[in-house]
Amino acid sequence: MILDTLPEEAAGARTRRRRDRGRDGGSPLVYLIALVVVALTLGPVLFAILGGFRTNAQLAESPAGLPDPWVLRNYEGVVTNPDFWRYALNSTVVAAVTTLLVVVLGLMAAYPLARYRFRGRETLYMVFVVGLLFPATVAIIPLFILVTRDLQMGNTWWGVALPQAAFALPITVVILRPFLMAIPDELEEAAVMDGASRVGFFWRVVVPLSGPAVVTVGVLAFVASWNAYLLPLLLLQDDMKTLPLGVADYSSRYSSDTAGVYAFTTLAMIPALVFFLAMQRRIVGGLQGAVKG
Amino acid sequence: MTVSTGGTTGAATSSAPVAPRPTRRRGQRARTALEVLFFVGPALALFLVFVVWPIVKAVQFSLYRWKGFGPLQDFVGLDNFRNVLQNDVFVDAFTHNMVIVVLSILVQLPLGLAIALLLNRRMRGQGLLRTIIFVPYVLSEVIAGVVWFQLLQPQYGVADSLLDSVGLHGPEQGWLGTPDYALYTVFVVLTWKYLGLAVLLFLAGLQGIPDDVVEAAQMDGASWWQIQWRITIPLIGPTIRIWAFLSMIGSIQLFDMVWILTGGGPANSTTSMATFLVTEGTKRQNYGIAAAASVILFVVALVMALVYQLLVLRRDSHALAAGGLR
């Protein structure tokens, strides 16, 4: 790197301007390192996808080889497995309900915390902020008892979605509040002039305006729910399981059927991959936004 | 803002009449209170029932010997805490958490920073590269764990066969089956999963640095290394500090990956505080012990967060807000 850069330093201001962030294209070394990073990152995923196209005999003979011949049987087995679709449905519903709850309740809560003036506002806000410090892990045992015994919601979609939404609320409120604070006062004054109440202002102006922020917190909540393991593990059994539980189950029940496990896992990761990669900017943006406060 | 007086209450956002009569003002205040209740109430209720209440119960459970049936009546004071803290399995689990905390910072920080610095240039395919780096992060720990579990299987696994092909040999019981290696193997898988997040956050920080700062340094004859070391890295300090914080908090709560890869074994060599408390609670029905362990986990996380806040994050604003990212 340094050897590459030094001669250029001497080459004059013209080159310097052009290479504000390093040279166009980068050096071969950079590409080589990038290639290694890509290989290490994607390697395991590719092995899983390709492994699904092989037979267990192939896998045993040369674990790191390519499919020869390609077999579709493993994937067919998963696609025709009703359990797989059942788990996918459960994951989708739980994540959707969680996201909906978080977005609706979070936006409603953030609104007065951002734009009303009343005694105790900051205290109320701090209640949510302190919630950031409580991981679900800490409360998992009482939560299990609360949901299964007191509320009789064990093994239901709601039983998982409600606590998940509750634990996602703090970060949601913390991200949304500054966003709502930034809505110009002039807009509110104009709305009031036109006879809107503050509740009317919320429905007609705040909700439509907060689209981008809502998408960010919504995606974060959806990701967390879709990937969640511990809470569903304790609360959901049998045909109520979500995909992570199903994958873990399948993997331990048929651990000798490596090819089958690869196929099941691959198909389980596809919806997540497609959705998350499409939302990549939002996810990273949301994380950064939260980092900045 | 907490001390806003009655005079400003409610008047701030509405176009209040010039001289409102007291009754009118009281009516407005009641209306504000009602609206606040309407908007914040549902969220607050959900939060109180599913976050605050279980945590209060965890503290309560930790003071009782309770197997999950019948009333809570066998009050044992701090016995559960004494039990947990004298339990070798828990102490080891705590140590494992700490090993992961320290290793994450020592390994992932330099590695992530190096990759981010290398990629922070105009190069072909950078967008694609970032997307690829992000892939492991979006997979759930379970999926990542199940795939790696298969890859790491002794004999039939891809990892060992690749090692064989270059003349090295993995341990006979497999990387995850050998007590001396298992924890470090879990750490490698965690690094694979979470390095991408570090790289992306660092890259975003780097790209927020104004070009002219770097250009000015180049004008003054600074080398590439000098620029990175003296200018860019210090400038993304806040991002690095927040990332380290998130990483620490995440490592303290480590559960999914361990549960999938090893279940805490072999010979308890990969347990974490969270796997300990889940095992005690759900498998052995020792709810009191599990609750005590969870309170300890929380206190450890809190102390770490506060110390870090005091020592490191103090200069960055809104650091607390980042705590919820994990």
# chains A, B, ... in the order shown; residues from 1 in each chain; ligands from 1
>>> residues_around(residues="segment 291-302 of chain B", least_positions_apart="2", cutoff="8 Å", atoms="only C-alpha atoms", output="list in words")
Leu133, Phe134, Pro135, Thr137, Val138, Ala139 and Ile141 of chain A; Ala58, Val59, Phe61, Ser62, Leu63, Asn80, Phe81, Val84, Ile249, Ile252, Gln253, Met273, Ala274, Phe276, Leu277, Gly281, Tyr287, Gly288, Ile289, Met304, Ala305 and Leu306 of chain B
>>> write_last_selection(atoms="C-alpha atoms", output="mmCIF file, in the first residue's frame")
data_model
loop_
_atom_site.group_PDB
_atom_site.id
_atom_site.type_symbol
_atom_site.label_atom_id
_atom_site.label_comp_id
_atom_site.auth_asym_id
_atom_site.auth_seq_id
_atom_site.Cartn_x
_atom_site.Cartn_y
_atom_site.Cartn_z
ATOM 1 C CA LEU A 133 -30.431 -1.403 29.455
ATOM 2 C CA PHE A 134 -32.686 -4.387 30.098
ATOM 3 C CA PRO A 135 -32.009 -7.256 27.754
ATOM 4 C CA THR A 137 -32.388 -12.455 28.635
ATOM 5 C CA VAL A 138 -32.556 -11.004 32.144
ATOM 6 C CA ALA A 139 -36.321 -11.314 32.322
ATOM 7 C CA ILE A 141 -37.748 -16.842 33.207
ATOM 8 C CA ALA B 58 -36.809 -11.818 38.473
ATOM 9 C CA VAL B 59 -35.474 -9.897 41.455
ATOM 10 C CA PHE B 61 -37.679 -14.932 42.454
ATOM 11 C CA SER B 62 -33.980 -14.603 43.152
ATOM 12 C CA LEU B 63 -34.743 -14.375 46.876
ATOM 13 C CA ASN B 80 -29.336 -18.218 45.704
ATOM 14 C CA PHE B 81 -26.726 -15.586 44.946
ATOM 15 C CA VAL B 84 -24.609 -19.175 42.003
ATOM 16 C CA ILE B 249 -23.227 -5.786 25.670
ATOM 17 C CA ILE B 252 -22.452 -10.510 27.833
ATOM 18 C CA GLN B 253 -25.813 -11.818 26.630
ATOM 19 C CA MET B 273 -24.260 -16.835 31.808
ATOM 20 C CA ALA B 274 -27.368 -16.962 29.637
ATOM 21 C CA PHE B 276 -26.509 -21.320 32.543
ATOM 22 C CA LEU B 277 -29.685 -19.533 33.562
ATOM 23 C CA GLY B 281 -34.623 -22.482 34.795
ATOM 24 C CA TYR B 287 -36.235 -20.810 39.174
ATOM 25 C CA GLY B 288 -34.646 -19.117 42.172
ATOM 26 C CA ILE B 289 -31.140 -19.988 41.027
ATOM 27 C CA MET B 304 -19.828 -2.526 32.450
ATOM 28 C CA ALA B 305 -22.117 -0.036 30.740
ATOM 29 C CA LEU B 306 -21.685 2.541 33.501
#
>>> closest_atom_pairs(of="segment 210-258 of chain A", to="segment 78-101 of chain A", cutoff="6 Å", atoms="only C-alpha atoms", output="tab-separated table")
residue	atom	partner	partner_atom	distance
A:Gly218	CA	A:Thr99	CA	5.5
A:Ala221	CA	A:Thr99	CA	5.5
A:Phe222	CA	A:Ala95	CA	5.3
A:Ser225	CA	A:Ala95	CA	5.1
A:Trp226	CA	A:Ala95	CA	5.7
A:Lys241	CA	A:Tyr87	CA	5.6
A:Thr242	CA	A:Tyr87	CA	4.6
A:Leu243	CA	A:Tyr87	CA	4.9
>>> residues_around(residues="Leu245 of chain A", least_positions_apart="2", cutoff="12 Å", atoms="only C-alpha atoms", output="PyMOL selection string")
(chain A and resi 83-84+86-88+90-91+226-243+247-253+265+268) or (chain B and resi 140-143+146+256+259-260)
>>> write_last_selection(atoms="N, CA and C atoms", output="short mmCIF file (atom, residue, chain, number, x, y, z; two decimals), in the first residue's frame")
data_model
loop_
_atom_site.label_atom_id
_atom_site.label_comp_id
_atom_site.auth_asym_id
_atom_site.auth_seq_id
_atom_site.Cartn_x
_atom_site.Cartn_y
_atom_site.Cartn_z
N ASP A 83 -44.18 -28.89 7.38
CA ASP A 83 -43.61 -28.23 8.55
C ASP A 83 -42.87 -26.95 8.16
N PHE A 84 -42.09 -27.05 7.07
CA PHE A 84 -41.31 -25.90 6.65
C PHE A 84 -42.21 -24.69 6.41
N ARG A 86 -45.23 -24.24 7.51
CA ARG A 86 -45.87 -23.87 8.77
C ARG A 86 -44.94 -22.95 9.57
N TYR A 87 -43.66 -23.34 9.68
CA TYR A 87 -42.69 -22.51 10.42
C TYR A 87 -42.54 -21.14 9.76
N ALA A 88 -42.48 -21.15 8.42
CA ALA A 88 -42.32 -19.89 7.71
C ALA A 88 -43.52 -18.97 7.98
N ASN A 90 -45.48 -19.06 10.65
CA ASN A 90 -45.38 -18.57 12.04
C ASN A 90 -44.39 -17.42 12.15
N SER A 91 -43.22 -17.60 11.54
CA SER A 91 -42.21 -16.54 11.58
C SER A 91 -42.76 -15.25 11.01
N TRP A 226 -37.61 -11.81 13.42
CA TRP A 226 -37.39 -12.91 12.49
C TRP A 226 -36.24 -13.81 12.96
N ASN A 227 -35.21 -13.18 13.51
CA ASN A 227 -34.03 -13.93 13.93
C ASN A 227 -34.11 -14.43 15.37
N ALA A 228 -35.14 -14.04 16.10
CA ALA A 228 -35.17 -14.33 17.53
C ALA A 228 -35.19 -15.83 17.80
N TYR A 229 -34.56 -16.23 18.86
CA TYR A 229 -34.48 -17.65 19.17
C TYR A 229 -34.89 -17.95 20.61
N LEU A 230 -34.31 -17.21 21.57
CA LEU A 230 -34.49 -17.58 22.98
C LEU A 230 -35.96 -17.57 23.41
N LEU A 231 -36.64 -16.47 23.14
CA LEU A 231 -38.04 -16.36 23.59
C LEU A 231 -38.95 -17.39 22.90
N PRO A 232 -38.89 -17.49 21.56
CA PRO A 232 -39.67 -18.55 20.91
C PRO A 232 -39.31 -19.95 21.42
N LEU A 233 -38.03 -20.15 21.72
CA LEU A 233 -37.59 -21.46 22.19
C LEU A 233 -38.35 -21.86 23.46
N LEU A 234 -38.55 -20.89 24.34
CA LEU A 234 -39.22 -21.20 25.59
C LEU A 234 -40.74 -21.25 25.43
N LEU A 235 -41.27 -20.50 24.47
CA LEU A 235 -42.72 -20.33 24.42
C LEU A 235 -43.43 -21.16 23.36
N LEU A 236 -42.75 -21.55 22.30
CA LEU A 236 -43.45 -22.18 21.18
C LEU A 236 -43.05 -23.65 21.01
N GLN A 237 -44.05 -24.48 20.82
CA GLN A 237 -43.76 -25.89 20.55
C GLN A 237 -44.51 -26.35 19.30
N ASP A 238 -44.11 -27.52 18.86
CA ASP A 238 -44.79 -28.24 17.79
C ASP A 238 -45.05 -27.37 16.57
N ASP A 239 -46.31 -27.29 16.15
CA ASP A 239 -46.54 -26.62 14.87
C ASP A 239 -46.64 -25.10 15.02
N MET A 240 -46.30 -24.58 16.21
CA MET A 240 -46.25 -23.13 16.38
C MET A 240 -44.83 -22.60 16.22
N LYS A 241 -43.87 -23.48 15.99
CA LYS A 241 -42.47 -23.06 15.95
C LYS A 241 -42.19 -22.08 14.82
N THR A 242 -41.22 -21.19 15.06
CA THR A 242 -40.77 -20.29 14.01
C THR A 242 -39.60 -20.94 13.28
N LEU A 243 -39.17 -20.30 12.18
CA LEU A 243 -38.13 -20.90 11.35
C LEU A 243 -36.83 -21.20 12.10
N VAL A 247 -35.32 -24.82 12.10
CA VAL A 247 -33.99 -25.14 11.59
C VAL A 247 -33.18 -25.89 12.65
N ALA A 248 -33.20 -25.36 13.86
CA ALA A 248 -32.42 -25.98 14.93
C ALA A 248 -32.91 -27.40 15.19
N ASP A 249 -34.23 -27.56 15.15
CA ASP A 249 -34.86 -28.86 15.35
C ASP A 249 -34.46 -29.87 14.30
N TYR A 250 -34.64 -29.42 13.07
CA TYR A 250 -34.34 -30.29 11.94
C TYR A 250 -32.89 -30.72 12.01
N SER A 251 -32.04 -29.75 12.34
CA SER A 251 -30.61 -30.02 12.37
C SER A 251 -30.26 -31.04 13.45
N SER A 252 -30.94 -30.98 14.60
CA SER A 252 -30.57 -31.96 15.62
C SER A 252 -31.27 -33.29 15.39
N ARG A 253 -32.49 -33.27 14.79
CA ARG A 253 -33.20 -34.52 14.60
C ARG A 253 -32.61 -35.34 13.47
N THR A 265 -31.76 -25.46 5.73
CA THR A 265 -31.19 -24.19 6.19
C THR A 265 -31.15 -23.16 5.07
N ALA A 268 -34.48 -21.81 4.40
CA ALA A 268 -34.92 -20.97 5.51
C ALA A 268 -34.26 -19.61 5.47
N SER B 140 -29.85 -15.27 10.89
CA SER B 140 -30.02 -15.41 12.33
C SER B 140 -28.86 -16.24 12.88
N GLU B 141 -28.59 -16.07 14.17
CA GLU B 141 -27.51 -16.83 14.78
C GLU B 141 -27.77 -18.32 14.65
N VAL B 142 -29.04 -18.69 14.65
CA VAL B 142 -29.39 -20.10 14.56
C VAL B 142 -28.97 -20.66 13.20
N ILE B 143 -29.32 -19.95 12.14
CA ILE B 143 -28.97 -20.44 10.81
C ILE B 143 -27.46 -20.48 10.65
N VAL B 146 -26.17 -23.41 12.68
CA VAL B 146 -26.44 -24.73 12.12
C VAL B 146 -25.50 -25.02 10.94
N ASP B 256 -27.71 -17.66 21.80
CA ASP B 256 -28.13 -18.44 20.63
C ASP B 256 -27.00 -19.29 20.04
N TRP B 259 -25.86 -22.13 22.21
CA TRP B 259 -26.91 -23.14 22.35
C TRP B 259 -26.93 -24.04 21.12
N ILE B 260 -26.77 -23.44 19.95
CA ILE B 260 -26.82 -24.20 18.70
C ILE B 260 -25.53 -25.00 18.49
#
>>> atom_distance(atom1="atom CA of Val37 of chain A", atom2="atom CA of Leu277 of chain A")
18.3 Å
>>> select_by_dssp(residues="segment 64-255 of chain B", states="helix (DSSP H, G or I)", output="compact mmCIF listing (two decimals) with C-alpha atoms, in the first residue's frame")
# COMPACT_ATOMS: atom_id res chain seq x y z
CA ASP B 79 -28.65 -17.87 49.42
CA ASN B 80 -29.34 -18.22 45.70
CA PHE B 81 -26.73 -15.59 44.95
CA ARG B 82 -24.23 -17.33 47.20
CA ASN B 83 -25.05 -20.59 45.47
CA VAL B 84 -24.61 -19.17 42.00
CA LEU B 85 -21.41 -17.31 42.78
CA ASP B 88 -18.01 -23.50 39.33
CA VAL B 89 -20.19 -23.85 36.26
CA PHE B 90 -21.46 -20.29 36.65
CA VAL B 91 -18.04 -18.87 37.40
CA ASP B 92 -16.70 -20.61 34.29
CA ALA B 93 -19.66 -19.32 32.29
CA PHE B 94 -18.89 -15.78 33.46
CA THR B 95 -15.26 -16.27 32.50
CA HIS B 96 -16.31 -17.46 29.04
CA ASN B 97 -18.42 -14.32 28.58
CA MET B 98 -15.45 -12.20 29.55
CA VAL B 99 -13.13 -14.09 27.19
CA ILE B 100 -15.56 -13.38 24.36
CA VAL B 101 -15.85 -9.71 25.37
CA VAL B 102 -12.08 -9.24 25.36
CA LEU B 103 -11.38 -11.32 22.26
CA SER B 104 -14.09 -9.49 20.32
CA ILE B 105 -12.48 -6.15 20.96
CA LEU B 106 -8.91 -7.37 20.49
CA VAL B 107 -9.59 -9.26 17.27
CA GLN B 108 -12.63 -7.73 15.61
CA LEU B 109 -11.67 -4.09 16.13
CA PRO B 110 -8.30 -4.18 14.32
CA LEU B 111 -9.62 -6.59 11.71
CA GLY B 112 -12.77 -4.59 11.05
CA LEU B 113 -10.85 -1.34 10.97
CA ALA B 114 -8.27 -2.73 8.57
CA ILE B 115 -10.92 -4.00 6.19
CA ALA B 116 -12.88 -0.75 6.39
CA LEU B 117 -9.77 1.33 5.69
CA LEU B 118 -8.88 -0.85 2.73
CA LEU B 119 -12.36 -0.66 1.28
CA GLN B 126 -17.58 -1.61 -3.71
CA GLY B 127 -21.34 -1.60 -3.38
CA LEU B 128 -21.50 -5.32 -4.07
CA LEU B 129 -18.67 -5.90 -1.62
CA ARG B 130 -20.54 -4.15 1.15
CA THR B 131 -23.66 -6.12 0.49
CA ILE B 132 -21.66 -9.35 0.66
CA ILE B 133 -20.01 -8.33 3.91
CA PHE B 134 -23.45 -7.71 5.33
CA VAL B 135 -24.77 -11.19 4.54
CA PRO B 136 -23.65 -13.02 7.71
CA TYR B 137 -25.08 -10.25 9.86
CA VAL B 138 -28.60 -10.61 8.50
CA GLU B 141 -27.51 -16.83 14.78
CA VAL B 142 -29.39 -20.10 14.56
CA ILE B 143 -28.97 -20.44 10.81
CA ALA B 144 -25.34 -19.37 10.96
CA GLY B 145 -24.80 -21.78 13.84
CA VAL B 146 -26.44 -24.73 12.12
CA VAL B 147 -24.39 -24.20 8.95
CA TRP B 148 -21.15 -23.88 10.87
CA PHE B 149 -22.03 -26.88 12.99
CA GLN B 150 -22.15 -28.97 9.83
CA LEU B 151 -19.02 -27.37 8.37
CA VAL B 158 -15.75 -29.07 5.13
CA ALA B 159 -13.37 -27.26 7.50
CA ASP B 160 -11.40 -30.37 8.39
CA SER B 161 -11.25 -31.63 4.84
CA LEU B 162 -9.89 -28.28 3.66
CA LEU B 163 -7.29 -28.45 6.42
CA ASP B 164 -6.41 -31.99 5.38
CA SER B 165 -5.82 -30.85 1.85
CA PRO B 179 -12.84 -28.64 25.34
CA ASP B 180 -9.60 -26.73 24.74
CA TYR B 181 -10.72 -25.40 21.37
CA ALA B 182 -14.50 -25.20 21.61
CA LEU B 183 -14.81 -21.70 23.06
CA TYR B 184 -12.37 -20.26 20.54
CA THR B 185 -14.20 -22.01 17.74
CA VAL B 186 -17.44 -20.41 18.91
CA PHE B 187 -15.61 -17.09 18.91
CA VAL B 188 -14.44 -17.61 15.32
CA VAL B 189 -18.02 -18.24 14.21
CA LEU B 190 -19.20 -15.16 16.11
CA THR B 191 -16.50 -13.12 14.41
CA TRP B 192 -17.61 -14.43 11.03
CA LYS B 193 -21.14 -13.35 11.82
CA TYR B 194 -20.49 -9.93 13.35
CA LEU B 195 -17.38 -8.60 11.63
CA GLY B 196 -19.51 -7.32 8.75
CA LEU B 197 -21.44 -5.01 11.05
CA ALA B 198 -18.20 -3.54 12.40
CA VAL B 199 -16.86 -3.00 8.88
CA LEU B 200 -20.07 -1.34 7.71
CA LEU B 201 -20.30 0.98 10.71
CA PHE B 202 -16.62 1.92 10.39
CA LEU B 203 -16.99 2.48 6.64
CA ALA B 204 -19.97 4.73 7.19
CA GLY B 205 -17.94 6.68 9.74
CA LEU B 206 -15.00 6.96 7.36
CA GLN B 207 -17.17 8.25 4.58
CA ASP B 211 -12.36 15.10 1.89
CA ASP B 212 -10.57 18.37 2.51
CA VAL B 213 -9.24 17.18 5.87
CA VAL B 214 -7.48 14.31 4.19
CA GLU B 215 -6.42 16.46 1.25
CA ALA B 216 -4.89 19.04 3.56
CA ALA B 217 -2.85 16.33 5.24
CA GLN B 218 -1.70 15.08 1.86
CA MET B 219 -0.65 18.60 0.91
CA TRP B 224 -1.13 7.03 3.80
CA TRP B 225 -0.34 5.41 7.15
CA GLN B 226 0.09 8.75 8.88
CA ILE B 227 -3.24 9.94 7.54
CA GLN B 228 -5.06 6.85 8.75
CA TRP B 229 -3.35 6.73 12.11
CA ARG B 230 -3.39 10.41 12.96
CA ILE B 231 -6.53 11.65 11.23
CA THR B 232 -9.09 9.15 10.01
CA ILE B 233 -9.03 6.71 12.92
CA PRO B 234 -9.25 9.45 15.58
CA LEU B 235 -12.06 11.08 13.61
CA GLY B 237 -13.43 7.49 17.36
CA PRO B 238 -17.06 7.91 18.38
CA THR B 239 -18.16 5.18 15.96
CA ILE B 240 -15.45 2.84 17.25
CA ARG B 241 -16.35 3.50 20.87
CA ILE B 242 -20.04 2.87 20.27
CA TRP B 243 -19.29 -0.29 18.32
CA ALA B 244 -17.12 -1.57 21.18
CA PHE B 245 -19.97 -0.84 23.58
CA LEU B 246 -22.49 -2.74 21.48
CA SER B 247 -20.08 -5.61 21.09
CA MET B 248 -19.54 -5.84 24.86
CA ILE B 249 -23.23 -5.79 25.67
CA GLY B 250 -23.88 -8.41 23.00
CA SER B 251 -21.10 -10.68 24.29
CA ILE B 252 -22.45 -10.51 27.83
>>> residues_around(residues="Asp257 of chain A", least_positions_apart="3", cutoff="12 Å", atoms="only C-alpha atoms", output="number ranges by chain")
A: 51-52, 54-60, 74, 77, 250-254, 260-264; B: 150, 156
>>> atom_distance(atom1="atom CA of Val56 of chain B", atom2="atom CA of Leu254 of chain B")
22.2 Å
>>> closest_residue(among="B:Arg29, B:Arg284, B:Lys67, B:His169", to="chain A", atoms="only C-alpha atoms")
B:Arg29
